[in-house]
Amino acid sequence: MTDKPRLTALRLHKALYPIWKNDPGWKGVFTTVNNNTIGNMFILGATGMFLAGGILAMLIRAQLASPRSAFMGPEVYNQIFTMHGTIMMFLFAIPFFEALTVFLLPGMLGTRDLAFPRLSSYGFWCYMIGSTIMIVSLLAGVAPDGGWFMYPPLSSSAYSAGINTDIWLLGISFIEISAIGAAVEVVVTVLRYRAVGMSLDRLPIFAWYMLVVAVMILTAFPPMILGSLILELERAFDMPFFQAENGGDSLLWQHLFWLFGHPEVYIIFLPAAGVISMILPVMARTTLLGYGWVVAAAISLAVLSFGLWVHHMFTTGIPHMGLAFFSAVSTLVAVPTGVQIFAWIGTLWKGRPELHLPMLWILGFFVTFVMGGLTGVMVAMVPFDWQAHDTYFVVAHLHYVLIGGYVFPMIAGIYYWLPVLTGRKRFFRMGETAFWLVMVGFHGTFLLLHWAGLLGMRRRIDAVEEGSGWEFINLLASISGFVLAIGFGLVILDVAVNAFVAVRGRRNPWNAGTLEWATPIPGPAYNFASIPVVTSRYPLQDNPDLPVQIARGDGFLGEPFRKRRETLAVSVSHGEPEFITVMPRNTVVPFAMAVVTSIMFMAPVFKWYWLMFVSALGVTALALLWAWSGGSRRDEGLLDAGRGVSLPTHAEVSCPPGWWGSLFLLLANSVLFGSLLFGYAFLWTVAPNWPPLRILQADILEPVAAASGAVLASAGIRLADHAIRREGTSWVGLLVSLTGLAMLGAASITVFGGTTYNAHAYDATLWVIAGYVIFHAALAGLMTLFLLFRIRAGYVSARRCGDARVVRLWTDYATLAALLGLGAAWLPGWLS
Amino acid sequence: MTDILRISLPLTVWIATFSVVYGLEGVVCSDLWTAAGLSLGQGRAALVASWIVAIALQAMVLIGLRIPRYGSSLPWVQRVSTILACVALVATVWSLMPVVTTSLCL
Amino acid sequence: MVVGGSTPLALAGCEERLSVVHPAGPAADIIATLWWVMLTGAAAILLLVLVLLVLAFRRGEGPAGEAADSRRETVWIKGLGLGFTMAVLAALTVWGLWIGERLLPHPGPDVVAVEAEGRQWTWRFSYPNVPGLVTEGELHIPARRPVDVRITSADVIHSFWVPRLAGKLDAIPGHVNVLRIEASEPGEYAGLSAEFSGAGYRRHHFTVVAHDAAAWDAFLARETP
């Protein structure tokens with residue numbers, strides 16, 4: 001490098017850094033919206049939860065070490081194993097890969113931050129606050145105790161009277177907000193925020209995996225959130241969704257839970273597979289074999305995983321043909337898994353593998369995960385599952401899959417990306433010792449527990465009984481479990497020591513080809529001094545000078561003369577530059593909103609509904625503040641984006657990032673609504689004590705009001721949208737739309753009049769449907785009013801029409817939901 | 001965005017038809033079916049018919065994605081969407097095969 | 001079933017009363033066979049993967065270039081990834097479903113019906129042929145005859161499981177599920193609830209007593225209190 005580029009790079013850094021840096025001191029922690037900072041804090045938080053879950057695991061193994069070692073009664077033990085599962089699944093596994101993604105994704109894609117930086121902050125704080133609440137409940141002895149899948153009626157108020165279950169239902173729903181937020185963010189980031197020229201076939205493979213995972217989160221979490229919501233409604237207001245004597249069915253919960261719960265397993269596995277697909281080729285000094293096949297396999301795995309939830313319900317008495325469908329898909333899903341495994345082994349054969357520490361962990365993954373996959377195929381066989389279900393065979397299987405298939409690759413990832421995380425190179429060789437301790441400890445713990453399961457050891461029993469035949473296996477498992485814990489402890493210690501003590505390392509120590517290695521290490525707050533242009537999947541291999549070129553501003557947006565946080569949005573397929581996004585500055589609003597949201601979710605635990613109502617108003621106010629602070633009051637026209645290209649800002653395109661975010665949020669929302677309609681149809685066909693005695697009868701008036709409301713709402717917003725784009729009068733259209741939304745709301749309110757919420761599951765379901773429609777009509781109405789004020793304040797013009805497009809999307813959704821929901825509510829009355 | 005749709009369409013059609021057939025099996029085995037005066041034999045016929053429709057639909061998706069007019073401008077997307085359409089077709093045949101091989105409502 | 005005898009005794013101990021791999025009825029027997037076959041197959045596949053992994057480190061770098069990569073895709077992805085896994089899984093799925101079909105409660109002239117109701121934390125059994133006859137914690141059945149257990153619950157979800165006779169089936173409030181069991185020989189078989197049900201879950205046991213024909217008749221003829 002000659003002196004001139006170095007000087008340019010330094011000047012550019014000095015110009016960019018003040019724009020992108022965090023607030024100084026402690027204030028910065030709460031106001032930061034930077035992906036590197038939030039990623040770091042997120043990784044620390046999730047590691048803390050891994051330790052908490054691990055401590056609970058040690059308590060479990062101590063309890064089960066021998067017939068004489070039980071030191072907890074079932075009341076305590078049930079809380080411990082419930083919280084072990086809950087913490088590991090919800091507070092460790094999902095947040096940890098989200099954390100890694102928040103940290104790594106902008107670097108891999110060659111962009112400066114994630115699509116919605118404030119959402120990163122909000123999601124992170126929701127997670128931290130929610131996790132703290134769960135841990136406090138455990139310390140206070142009121143932790144959930146119904147098992148991590150919370151089957152009613154055991155979790156209904158009749159059999160679980162305390163607040164334990166409420167904490168689970170509301171706390172987990174609260175934390176899932178952060179997952180949904182992160183998912184929206186990842187989808188929009190991967191689709192729109194990339195280096196120029198990074199077409200779909202040049203995405204780093206991890207980005208493909210995360211795109212798939214994010215869409216899965218958006219479609220898998222809503223059924224579970226709905227389930228939690230209606231179980232909480234049953235507990236609080238006696239709405240009998242799951243009570244057989246009033247037309248409810250506890251199987252409905254199992255369907256909703258596993259509709260989430262099985263995709264969840266692949267949501268956890270796929271990020272790990274993405275990590276392996278990134279690391280393994282680098283370790284083998286080659287490129288990934290069958291990139292297109294691996295992407296196709298990831299997508300197949302993702303969608304197929306939505307067709308096998310019933311394999312958790314093989315013993316619930318569903319007819320054999322129904323089970324057979326799901327058994328068939330359960331084996332089929334192993335095919336794309338096999339394709340990935342063999343693509344990876346083929347990659348090793350293709351290259352020249354070297355046995356660095358990350359590779360060691362990946363080998364640990366292969367051995368462990370293949371065993372877990374094979375036992376998974378075994379339990380996919382309906383007859384075998386009838387025996388193995390709810391025994392330690394399943395416990396062992398799921399630990400092979402989750403620890404082997406998730407934790408090991410994640411540790412490989414941490415070691416691999418440690419230079420990016422810390423800017424240092426590893427000097428201390430504790431990692432290898434830790435690896436062998438974990439391997440020996442893991443298989444010592446879980447291998448023979450398969451056998452204990454086949455000898456009849458059920459999961460969740462609170463003690464090992466004398467003469468049961470599995471005392472020795474459990475003693476061995478407990479001793480090995482502690483070896484495993486020491487191993488994991490050493491891994492964390494090793495990473496910590498290396499993070500704080502090791503010497504600074506050089507850039508790209510592994511000679512990797514992807515863009516996260518093109519920035520200085522650790523990455524500066526703005527990640528890239530200019531947005532790079534790429535021509536293949538491995539830009540650093542094509543052009544070793546790329547880091548220098550990026551640093552001296554040869555890419556796009558290489559000159560920050562507008563003194564604001566700018567990054568580039570590209571077209572979805574080809575990665576051509578489309579517009580400039582102006583990113584938000586540091587702000588405390590997301591943190592404040594997370595705090596108020598947590599109060600909103602926790603108030604119902606103590607039946608303080610007034611507080612819930614007040615904090616809901618607070619959340620609304622903060623959300624309006626959030627939305628208000630974006631945008632511009634003047635047209636900027638086309639701006640210089642560097643390299644001779646002029647582009648508009650995001651405020652002046654018809655589909656701004658907010659529109660894209662809304663689109664994917666509505667995808668999740670529609671899955672929630674779809675699950676609600678599924679629940680309604682399910683109860684009608686399967687639940688005992690149907691049909692209900694009294695069915696809602698709609699006159700002619702209500703359907704007419706709903707139909708005309710729908711027409712007015714969608715026509716009105718279209719009218720306003722057109723008016724805005726022609727600089728015309730828009731308020732007429734907005735008022736028409738508001739009238740329409742009010743009529744939809746009024747038509748839905750009549751449903752309450754014709755039913756009694758706690759009389760029958762039918763009535764309860766109709767209340768939730770009507771409530772959903774009213775909520776969305778009100779939300780669209782609020783957004784319409786917001787738009788009116790934005791227009792008055794001068795934020796909207798013919799060029800700056802994005803706000804109107806967002807409101808139009810939500811209004812259309814509210815209208816559609818109203819027509820579907822009310823149609824479903826009135827249909828039985830019309831038929832009878 | 002249309003490229004993303006090309007990639008997600010085939011298996012989305014699969015999960016939709018799979019859910020419909022599973023739902024239909026639930027209805028056939030419920031009281032509603034007998035209350036409507038229908039027999040289990042008719043239920044089996046309806047299930048087999050919906051399986052055949054599902055296969056035909058997937059075949060149409062596969063052919064549609066191969067037609068240049070609906071295909072992608074990126075050859076890579078063209079290839080991946082074809083692979084996924086084949087996967088979806090196999091998945092439809094495989095996962096719904098029990099409608100002809102398994103006893104109904106037992 | 002001969003394979004059951006080859007169980008590593010050091011691990012099994014002498015206690016086999018809850019063991020899936022010591023079947024005492026046709027249903028448990030066929031599932032145990034399925035298990036041993038799957039275990040053998042799984043071990044073979046695991047060995048294959050390990051050998052392929054070790055070889056990857058033992059051999060030098062392969063040829064580079066498009067043609068070599070496309071050959072690799074054919075071998076690794078189309079051959080092993082798709083061909084091999086689909087062949088194995090298709091065979092296994094068909095076999096699994098065929099076994100599942102055989103274990104269903106198909107109607108037959110010889111079938112005996114009994115009823116089981118789970119509650120926290122006992123099991124109550126009744127016998128439709130003898131109205132009023134109820135046993136608590138002890139299910140009586142005839143040996144060598146198929147028995148259909150009609151299972152339900154009075155409170156939360158439980159699961160009826162006699163590992164040596166057959167798989168488990170859940171007891172769900174509002175539903176009646178039918179499980180086919182059969183004991184090959186008269187004797188006592190341990191049963192337990194296999195769905196977590198709260199504080200008393202571990203002790204939620206029962207016993208199945210299988211009688212020979214004479215004892216069964218005597219049991220049914222017993223005066224109800």
# chains A, B, ... in the order shown; residues from 1 in each chain; ligands from 1
>>> interface_residues(of="chain C", to="chain B", cutoff="12 Å", atoms="only C-alpha atoms", output="list in words")
Lys78, Leu82, Met86, Leu89, Ala90, Ala91, Thr93, Val94, Trp95, Gly96, Leu97, Trp98, Ile99, Gly100, Glu101, Arg102, Leu103, Leu104, Pro105, His106, Pro107, Asn177, Val178, Leu179 and Arg180 of chain C
>>> write_last_selection(atoms="C-alpha atoms", output="PDB file, in the first residue's frame")
ATOM      1  CA  LYS C  78     -27.279 -36.531  -6.773  1.00  0.00           C
ATOM      2  CA  LEU C  82     -30.505 -37.668  -3.144  1.00  0.00           C
ATOM      3  CA  MET C  86     -34.193 -41.423  -0.689  1.00  0.00           C
ATOM      4  CA  LEU C  89     -35.889 -43.613   3.605  1.00  0.00           C
ATOM      5  CA  ALA C  90     -38.519 -44.789   1.145  1.00  0.00           C
ATOM      6  CA  ALA C  91     -37.947 -48.402   2.160  1.00  0.00           C
ATOM      7  CA  THR C  93     -41.189 -45.382   5.518  1.00  0.00           C
ATOM      8  CA  VAL C  94     -43.113 -48.097   3.700  1.00  0.00           C
ATOM      9  CA  TRP C  95     -42.081 -50.691   6.265  1.00  0.00           C
ATOM     10  CA  GLY C  96     -42.956 -48.379   9.165  1.00  0.00           C
ATOM     11  CA  LEU C  97     -46.408 -47.660   7.777  1.00  0.00           C
ATOM     12  CA  TRP C  98     -47.022 -51.332   7.093  1.00  0.00           C
ATOM     13  CA  ILE C  99     -46.156 -52.165  10.706  1.00  0.00           C
ATOM     14  CA  GLY C 100     -48.340 -49.291  11.892  1.00  0.00           C
ATOM     15  CA  GLU C 101     -51.261 -50.729   9.918  1.00  0.00           C
ATOM     16  CA  ARG C 102     -50.813 -54.120  11.584  1.00  0.00           C
ATOM     17  CA  LEU C 103     -50.905 -52.610  15.058  1.00  0.00           C
ATOM     18  CA  LEU C 104     -54.198 -50.796  14.572  1.00  0.00           C
ATOM     19  CA  PRO C 105     -57.298 -51.957  16.443  1.00  0.00           C
ATOM     20  CA  HIS C 106     -58.923 -53.690  13.470  1.00  0.00           C
ATOM     21  CA  PRO C 107     -62.245 -55.296  14.408  1.00  0.00           C
ATOM     22  CA  ASN C 177     -58.585 -43.328  22.084  1.00  0.00           C
ATOM     23  CA  VAL C 178     -58.400 -47.035  21.356  1.00  0.00           C
ATOM     24  CA  LEU C 179     -55.165 -48.982  21.824  1.00  0.00           C
ATOM     25  CA  ARG C 180     -54.706 -52.619  20.828  1.00  0.00           C
TER      26      ARG C 180
END
>>> residues_around(residues="Asp545 (chain A)", least_positions_apart="5", cutoff="10 Å", atoms="only C-alpha atoms", output="list in words")
Met1, Ala518, Pro539, Leu540 and Ile550 of chain A
>>> closest_residue(among="A:Ala496, A:Met108, A:Glu465, A:His311", to="Met430 (chain A)", atoms="only C-alpha atoms")
A:Ala496
>>> residues_around(residues="Glu182 (chain C)", least_positions_apart="3", cutoff="7 Å", atoms="only C-alpha atoms", output="ChimeraX atom specification")
/C:25-26,143-147,165
>>> write_last_selection(atoms="N, CA and C atoms", output="compact mmCIF listing (two decimals), in the first residue's frame")
# COMPACT_ATOMS: atom_id res chain seq x y z
N GLY C 25 -45.46 -59.24 24.01
CA GLY C 25 -46.70 -59.29 23.24
C GLY C 25 -46.38 -58.99 21.79
N PRO C 26 -47.29 -59.32 20.87
CA PRO C 26 -46.97 -59.18 19.45
C PRO C 26 -46.65 -57.74 19.03
N ALA C 143 -54.90 -63.44 28.45
CA ALA C 143 -53.66 -63.58 27.66
C ALA C 143 -54.01 -64.17 26.30
N ARG C 144 -53.13 -63.93 25.35
CA ARG C 144 -53.24 -64.49 23.99
C ARG C 144 -54.52 -64.09 23.27
N ARG C 145 -55.13 -63.01 23.71
CA ARG C 145 -56.28 -62.49 22.96
C ARG C 145 -56.09 -60.99 22.77
N PRO C 146 -56.44 -60.48 21.57
CA PRO C 146 -56.31 -59.03 21.37
C PRO C 146 -57.27 -58.26 22.27
N VAL C 147 -56.76 -57.23 22.91
CA VAL C 147 -57.58 -56.42 23.82
C VAL C 147 -57.57 -54.98 23.32
N LEU C 165 -45.84 -54.70 26.32
CA LEU C 165 -46.95 -55.20 25.50
C LEU C 165 -47.15 -54.41 24.22
>>> atom_distance(atom1="CA of Val190 (chain A)", atom2="CA of Ala499 (chain A)")
28.8 Å
>>> interface_residues(of="chain C", to="chain A", cutoff="6 Å", atoms="only C-alpha atoms", output="PDB file with N, CA and C atoms, in the first residue's frame")
ATOM      1  N   ALA C  12     -28.597 -53.489  31.112  1.00  0.00           N
ATOM      2  CA  ALA C  12     -30.007 -53.644  31.385  1.00  0.00           C
ATOM      3  C   ALA C  12     -30.279 -53.962  32.849  1.00  0.00           C
ATOM      4  N   GLY C  13     -29.293 -54.508  33.537  1.00  0.00           N
ATOM      5  CA  GLY C  13     -29.547 -54.959  34.904  1.00  0.00           C
ATOM      6  C   GLY C  13     -30.517 -56.118  34.869  1.00  0.00           C
ATOM      7  N   GLU C  15     -33.564 -55.679  35.849  1.00  0.00           N
ATOM      8  CA  GLU C  15     -34.900 -55.097  35.805  1.00  0.00           C
ATOM      9  C   GLU C  15     -35.299 -54.825  34.371  1.00  0.00           C
ATOM     10  N   LEU C  18     -39.991 -52.694  32.486  1.00  0.00           N
ATOM     11  CA  LEU C  18     -40.494 -51.593  31.676  1.00  0.00           C
ATOM     12  C   LEU C  18     -39.791 -51.536  30.328  1.00  0.00           C
ATOM     13  N   SER C  19     -39.132 -52.622  29.955  1.00  0.00           N
ATOM     14  CA  SER C  19     -38.233 -52.547  28.808  1.00  0.00           C
ATOM     15  C   SER C  19     -38.959 -52.763  27.488  1.00  0.00           C
ATOM     16  N   VAL C  20     -38.711 -51.828  26.569  1.00  0.00           N
ATOM     17  CA  VAL C  20     -39.240 -51.919  25.220  1.00  0.00           C
ATOM     18  C   VAL C  20     -38.575 -53.058  24.452  1.00  0.00           C
ATOM     19  N   ILE C  31     -42.305 -54.040  17.178  1.00  0.00           N
ATOM     20  CA  ILE C  31     -41.624 -52.744  17.289  1.00  0.00           C
ATOM     21  C   ILE C  31     -40.166 -52.949  17.699  1.00  0.00           C
ATOM     22  N   ALA C  42     -28.594 -47.747  11.090  1.00  0.00           N
ATOM     23  CA  ALA C  42     -28.048 -46.455  11.501  1.00  0.00           C
ATOM     24  C   ALA C  42     -26.548 -46.575  11.765  1.00  0.00           C
ATOM     25  N   ALA C  56     -11.369 -37.939   3.615  1.00  0.00           N
ATOM     26  CA  ALA C  56     -11.212 -36.568   3.133  1.00  0.00           C
ATOM     27  C   ALA C  56      -9.907 -35.967   3.617  1.00  0.00           C
ATOM     28  N   GLU C  61      -5.568 -32.977  -2.558  1.00  0.00           N
ATOM     29  CA  GLU C  61      -6.574 -32.136  -3.175  1.00  0.00           C
ATOM     30  C   GLU C  61      -7.008 -32.733  -4.509  1.00  0.00           C
ATOM     31  N   GLY C  62      -8.310 -32.679  -4.804  1.00  0.00           N
ATOM     32  CA  GLY C  62      -8.811 -33.222  -6.064  1.00  0.00           C
ATOM     33  C   GLY C  62      -8.591 -32.242  -7.197  1.00  0.00           C
ATOM     34  N   TRP C  76     -21.689 -36.715  -5.201  1.00  0.00           N
ATOM     35  CA  TRP C  76     -21.995 -36.412  -3.809  1.00  0.00           C
ATOM     36  C   TRP C  76     -23.445 -36.004  -3.610  1.00  0.00           C
ATOM     37  N   ILE C  77     -23.949 -35.130  -4.487  1.00  0.00           N
ATOM     38  CA  ILE C  77     -25.279 -34.589  -4.220  1.00  0.00           C
ATOM     39  C   ILE C  77     -26.364 -35.451  -4.847  1.00  0.00           C
ATOM     40  N   GLY C  81     -26.437 -37.788  -1.766  1.00  0.00           N
ATOM     41  CA  GLY C  81     -27.407 -36.929  -1.086  1.00  0.00           C
ATOM     42  C   GLY C  81     -28.835 -37.285  -1.437  1.00  0.00           C
ATOM     43  N   THR C  85     -30.046 -41.446   0.149  1.00  0.00           N
ATOM     44  CA  THR C  85     -30.952 -41.176   1.277  1.00  0.00           C
ATOM     45  C   THR C  85     -32.399 -41.501   0.901  1.00  0.00           C
ATOM     46  N   GLY C  96     -42.387 -48.960   7.948  1.00  0.00           N
ATOM     47  CA  GLY C  96     -42.956 -48.379   9.165  1.00  0.00           C
ATOM     48  C   GLY C  96     -44.472 -48.255   9.070  1.00  0.00           C
ATOM     49  N   GLY C 100     -47.312 -50.090  11.238  1.00  0.00           N
ATOM     50  CA  GLY C 100     -48.340 -49.291  11.892  1.00  0.00           C
ATOM     51  C   GLY C 100     -49.737 -49.818  11.590  1.00  0.00           C
ATOM     52  N   VAL C 156     -56.268 -34.019  33.526  1.00  0.00           N
ATOM     53  CA  VAL C 156     -55.274 -33.537  32.570  1.00  0.00           C
ATOM     54  C   VAL C 156     -54.907 -34.674  31.617  1.00  0.00           C
ATOM     55  N   GLY C 167     -47.066 -50.003  22.315  1.00  0.00           N
ATOM     56  CA  GLY C 167     -46.732 -48.592  22.434  1.00  0.00           C
ATOM     57  C   GLY C 167     -47.730 -47.876  23.319  1.00  0.00           C
ATOM     58  N   LYS C 168     -47.533 -46.556  23.450  1.00  0.00           N
ATOM     59  CA  LYS C 168     -48.392 -45.797  24.349  1.00  0.00           C
ATOM     60  C   LYS C 168     -49.447 -45.032  23.566  1.00  0.00           C
ATOM     61  N   LEU C 169     -50.514 -44.666  24.270  1.00  0.00           N
ATOM     62  CA  LEU C 169     -51.553 -43.841  23.656  1.00  0.00           C
ATOM     63  C   LEU C 169     -52.086 -42.896  24.731  1.00  0.00           C
ATOM     64  N   ASP C 170     -52.323 -41.644  24.327  1.00  0.00           N
ATOM     65  CA  ASP C 170     -52.671 -40.620  25.309  1.00  0.00           C
ATOM     66  C   ASP C 170     -54.119 -40.725  25.780  1.00  0.00           C
ATOM     67  N   GLY C 174     -62.212 -35.532  27.072  1.00  0.00           N
ATOM     68  CA  GLY C 174     -63.146 -35.295  25.974  1.00  0.00           C
ATOM     69  C   GLY C 174     -62.968 -36.224  24.794  1.00  0.00           C
ATOM     70  N   ASN C 177     -59.530 -42.730  23.032  1.00  0.00           N
ATOM     71  CA  ASN C 177     -58.585 -43.328  22.084  1.00  0.00           C
ATOM     72  C   ASN C 177     -58.525 -44.823  22.323  1.00  0.00           C
ATOM     73  N   ALA C 199     -47.134 -32.894  39.923  1.00  0.00           N
ATOM     74  CA  ALA C 199     -46.287 -33.316  41.038  1.00  0.00           C
ATOM     75  C   ALA C 199     -46.216 -34.830  41.237  1.00  0.00           C
ATOM     76  N   ARG C 202     -44.277 -39.186  38.671  1.00  0.00           N
ATOM     77  CA  ARG C 202     -43.369 -40.337  38.709  1.00  0.00           C
ATOM     78  C   ARG C 202     -44.056 -41.596  39.237  1.00  0.00           C
TER      79      ARG C 202
END
>>> residues_around(residues="Val130 (chain C)", least_positions_apart="6", cutoff="12 Å", atoms="only C-alpha atoms", output="ChimeraX atom specification")
/C:112-115,217,219-224
>>> closest_atom_pairs(of="chain B", to="chain A", cutoff="9 Å", atoms="only C-alpha atoms", output="JSON lines")
{"residue": "B:Met1", "atom": "CA", "partner": "A:Val572", "partner_atom": "CA", "distance": 5.8}
{"residue": "B:Thr2", "atom": "CA", "partner": "A:Ser573", "partner_atom": "CA", "distance": 8.3}
{"residue": "B:Asp3", "atom": "CA", "partner": "A:Ser573", "partner_atom": "CA", "distance": 6.5}
{"residue": "B:Ile4", "atom": "CA", "partner": "A:Ser573", "partner_atom": "CA", "distance": 8.0}
{"residue": "B:Ile7", "atom": "CA", "partner": "A:Ile299", "partner_atom": "CA", "distance": 8.5}
{"residue": "B:Ser8", "atom": "CA", "partner": "A:Ile299", "partner_atom": "CA", "distance": 8.0}
{"residue": "B:Leu11", "atom": "CA", "partner": "A:Val303", "partner_atom": "CA", "distance": 6.4}
{"residue": "B:Thr12", "atom": "CA", "partner": "A:Val303", "partner_atom": "CA", "distance": 7.3}
{"residue": "B:Trp14", "atom": "CA", "partner": "A:Val303", "partner_atom": "CA", "distance": 8.7}
{"residue": "B:Ile15", "atom": "CA", "partner": "A:Gly307", "partner_atom": "CA", "distance": 6.7}
{"residue": "B:Phe18", "atom": "CA", "partner": "A:Gly307", "partner_atom": "CA", "distance": 7.5}
{"residue": "B:Ser19", "atom": "CA", "partner": "A:Gly307", "partner_atom": "CA", "distance": 7.9}
{"residue": "B:Tyr22", "atom": "CA", "partner": "A:Gly322", "partner_atom": "CA", "distance": 6.5}
{"residue": "B:Gly23", "atom": "CA", "partner": "A:Phe682", "partner_atom": "CA", "distance": 8.5}
{"residue": "B:Glu25", "atom": "CA", "partner": "A:Gly322", "partner_atom": "CA", "distance": 7.1}
{"residue": "B:Gly26", "atom": "CA", "partner": "A:Thr685", "partner_atom": "CA", "distance": 7.2}
{"residue": "B:Val27", "atom": "CA", "partner": "A:Thr685", "partner_atom": "CA", "distance": 6.2}
{"residue": "B:Cys29", "atom": "CA", "partner": "A:Pro319", "partner_atom": "CA", "distance": 8.1}
{"residue": "B:Ser30", "atom": "CA", "partner": "A:Thr685", "partner_atom": "CA", "distance": 5.9}
{"residue": "B:Asp31", "atom": "CA", "partner": "A:Thr685", "partner_atom": "CA", "distance": 7.3}
{"residue": "B:Leu32", "atom": "CA", "partner": "A:Thr685", "partner_atom": "CA", "distance": 6.8}
{"residue": "B:Leu74", "atom": "CA", "partner": "A:Ser573", "partner_atom": "CA", "distance": 7.9}
{"residue": "B:Trp76", "atom": "CA", "partner": "A:Asp201", "partner_atom": "CA", "distance": 6.3}
{"residue": "B:Val77", "atom": "CA", "partner": "A:Asp201", "partner_atom": "CA", "distance": 7.4}
{"residue": "B:Arg79", "atom": "CA", "partner": "A:Gly292", "partner_atom": "CA", "distance": 8.0}
{"residue": "B:Val80", "atom": "CA", "partner": "A:Ala296", "partner_atom": "CA", "distance": 6.1}
{"residue": "B:Ser81", "atom": "CA", "partner": "A:Ala296", "partner_atom": "CA", "distance": 8.1}
{"residue": "B:Ile83", "atom": "CA", "partner": "A:Ala296", "partner_atom": "CA", "distance": 7.0}
{"residue": "B:Leu84", "atom": "CA", "partner": "A:Ala296", "partner_atom": "CA", "distance": 6.3}
{"residue": "B:Val87", "atom": "CA", "partner": "A:Ser300", "partner_atom": "CA", "distance": 7.4}
{"residue": "B:Ala88", "atom": "CA", "partner": "A:Ser300", "partner_atom": "CA", "distance": 8.2}
{"residue": "B:Ala91", "atom": "CA", "partner": "A:Leu332", "partner_atom": "CA", "distance": 7.4}
{"residue": "B:Trp94", "atom": "CA", "partner": "A:Ala328", "partner_atom": "CA", "distance": 6.7}
{"residue": "B:Ser95", "atom": "CA", "partner": "A:Ala328", "partner_atom": "CA", "distance": 5.1}
{"residue": "B:Leu96", "atom": "CA", "partner": "A:Phe325", "partner_atom": "CA", "distance": 5.8}
{"residue": "B:Met97", "atom": "CA", "partner": "A:Phe325", "partner_atom": "CA", "distance": 7.7}
{"residue": "B:Pro98", "atom": "CA", "partner": "A:Ala324", "partner_atom": "CA", "distance": 6.0}
{"residue": "B:Val99", "atom": "CA", "partner": "A:Met321", "partner_atom": "CA", "distance": 6.9}
{"residue": "B:Thr101", "atom": "CA", "partner": "A:Met321", "partner_atom": "CA", "distance": 8.5}
{"residue": "B:Thr102", "atom": "CA", "partner": "A:Met321", "partner_atom": "CA", "distance": 5.5}
{"residue": "B:Ser103", "atom": "CA", "partner": "A:Met321", "partner_atom": "CA", "distance": 6.4}
{"residue": "B:Leu104", "atom": "CA", "partner": "A:Met321", "partner_atom": "CA", "distance": 6.0}
{"residue": "B:Cys105", "atom": "CA", "partner": "A:Pro319", "partner_atom": "CA", "distance": 5.0}
{"residue": "B:Leu106", "atom": "CA", "partner": "A:Pro319", "partner_atom": "CA", "distance": 5.0}
>>> atom_distance(atom1="CA of Met58 (chain A)", atom2="CA of Ile403 (chain A)")
15.4 Å
>>> residues_around(residues="Val48 (chain B)", least_positions_apart="2", cutoff="10 Å", atoms="only C-alpha atoms", output="NGL selection string")
:B and (21 or 42-46 or 50-54 or 96-100)
